[in-house]
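Here's the structure we're looking at; comments come further down.
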Amino acid sequence: MPALVCHPATPCDAITAVTADARWLPDGRLGFYYVLEGRPTQVRLPALAQADRADELWRHTCCEAFVTGSTAGAYTELNFSPSGAWAAYQFTAYREGMRPVAVVADPVIDVRITEDRIELDALIGSRSVPLREEGLHLGLNVVIEELSGVLSYWALVHPVARPDFHHADGFRIALAASVSDPQRQ
């Protein structure tokens with residue numbers, strides 16, 4: 001799994017390594033996988049909640065994916081909280097035209113916590129992301145909130161001086177088009 005790096009302006013004491021990956025599942029869903037290693041007891045995790053849509057998940061510990069299948073600048077932001085809450089937004093261009101994405105089925109989020117790691121898996125139907133025959137480009141990111149309330153921002157790369165997951169230069173993972181019929185999900 002690709003390693004994410006902590007933005008140098010937002011150091012993190014609780015977590016020492018983050019990896020993330022994405023892949024198509026045989027049933028046509030898109031799976032996202034995140035592993036946070038370190039001291040989970042020092043991470044502020046939101047309380048378990050009903051798996052439902054919620055806004056501003058990025059203000060706390062949250063795993064994110066930015067997905068584009070377009071050369072025109074449009075992209076989708078997906079947020080997966082360890083609480084089970086999720087969000088999905090479509091943008092027409094860099095930070096413009098934000099609107100909620102109508103998903104066919106709520107994402108499925110599974111979280112496992114041990115003494116030295118947090119694992120989060122999220123599965124979402126392919127009709128919830130912009131598809132094109134050439135495939136997708138993704139940015140995988142994590143926001144970590146420590147018990148002190150301090151936030152750190154982890155990404156594949158940090159293309160600008162401040163944390164900015166929306167920046168297209170951060171969409172570094174290429175994923176081929178789904179091997180299944182994307183209309184199924």
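Scheme for the structure tokens: letters A, B, ... for chains in order shown; per-chain residue numbers from 1; ligand numbers from 1 in order shown.
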Contact residues around A:Arg172 with only C-alpha atoms at 10 Å, ignoring same-chain residues under 6 positions, as a CSV table (one decimal) with C-alpha atoms, in the first residue's frame:
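Just written: result02.csv:
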```csv
chain,number,residue,atom,x,y,z
A,136,LEU,CA,-9.6,7.1,-12.4
A,137,HIS,CA,-7.0,9.3,-10.6
A,138,LEU,CA,-7.2,9.4,-6.9
A,139,GLY,CA,-5.8,11.3,-4.0
A,140,LEU,CA,-5.9,9.3,-0.7
A,155,ALA,CA,-1.5,12.7,1.8
A,156,LEU,CA,0.4,10.9,-0.9
A,157,VAL,CA,2.1,14.3,-1.6
```
Exercise for the section: May I have all residues of chain A that DSSP, computed from the backbone, assigns to strand (DSSP E or B), given as a PyMOL selection string? Expected result: chain A and resi 3-6+15-24+30-38+43+53+62-68+75-80+86-91+93+96+99-100+108-113+117-124+136-146+151-155+173-175
Handout entry: Using only C-alpha atoms: which of A:Val43, A:His166, A:Ala176, A:Leu147 has the shortest distance to A:Tyr75
Key = A:His166
Handout entry: Per-residue DSSP, stretch 48-150 of chain A, filtered to helix (DSSP H, G or I), as a PyMOL selection string
Key = chain A and resi 57-59+126-128
Handout entry: Nearby residues (only C-alpha atoms) at most 7 Å from A:Arg99, same-chain spacing under 5 positions excluded, as a PyMOL selection string
Key = chain A and resi 89-91
Handout entry: Å distance separating atom CA of A:Ala85 from atom CA of A:Gly149, one decimal place
Key =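 Between these atoms lies a distance of 19.7 Å.
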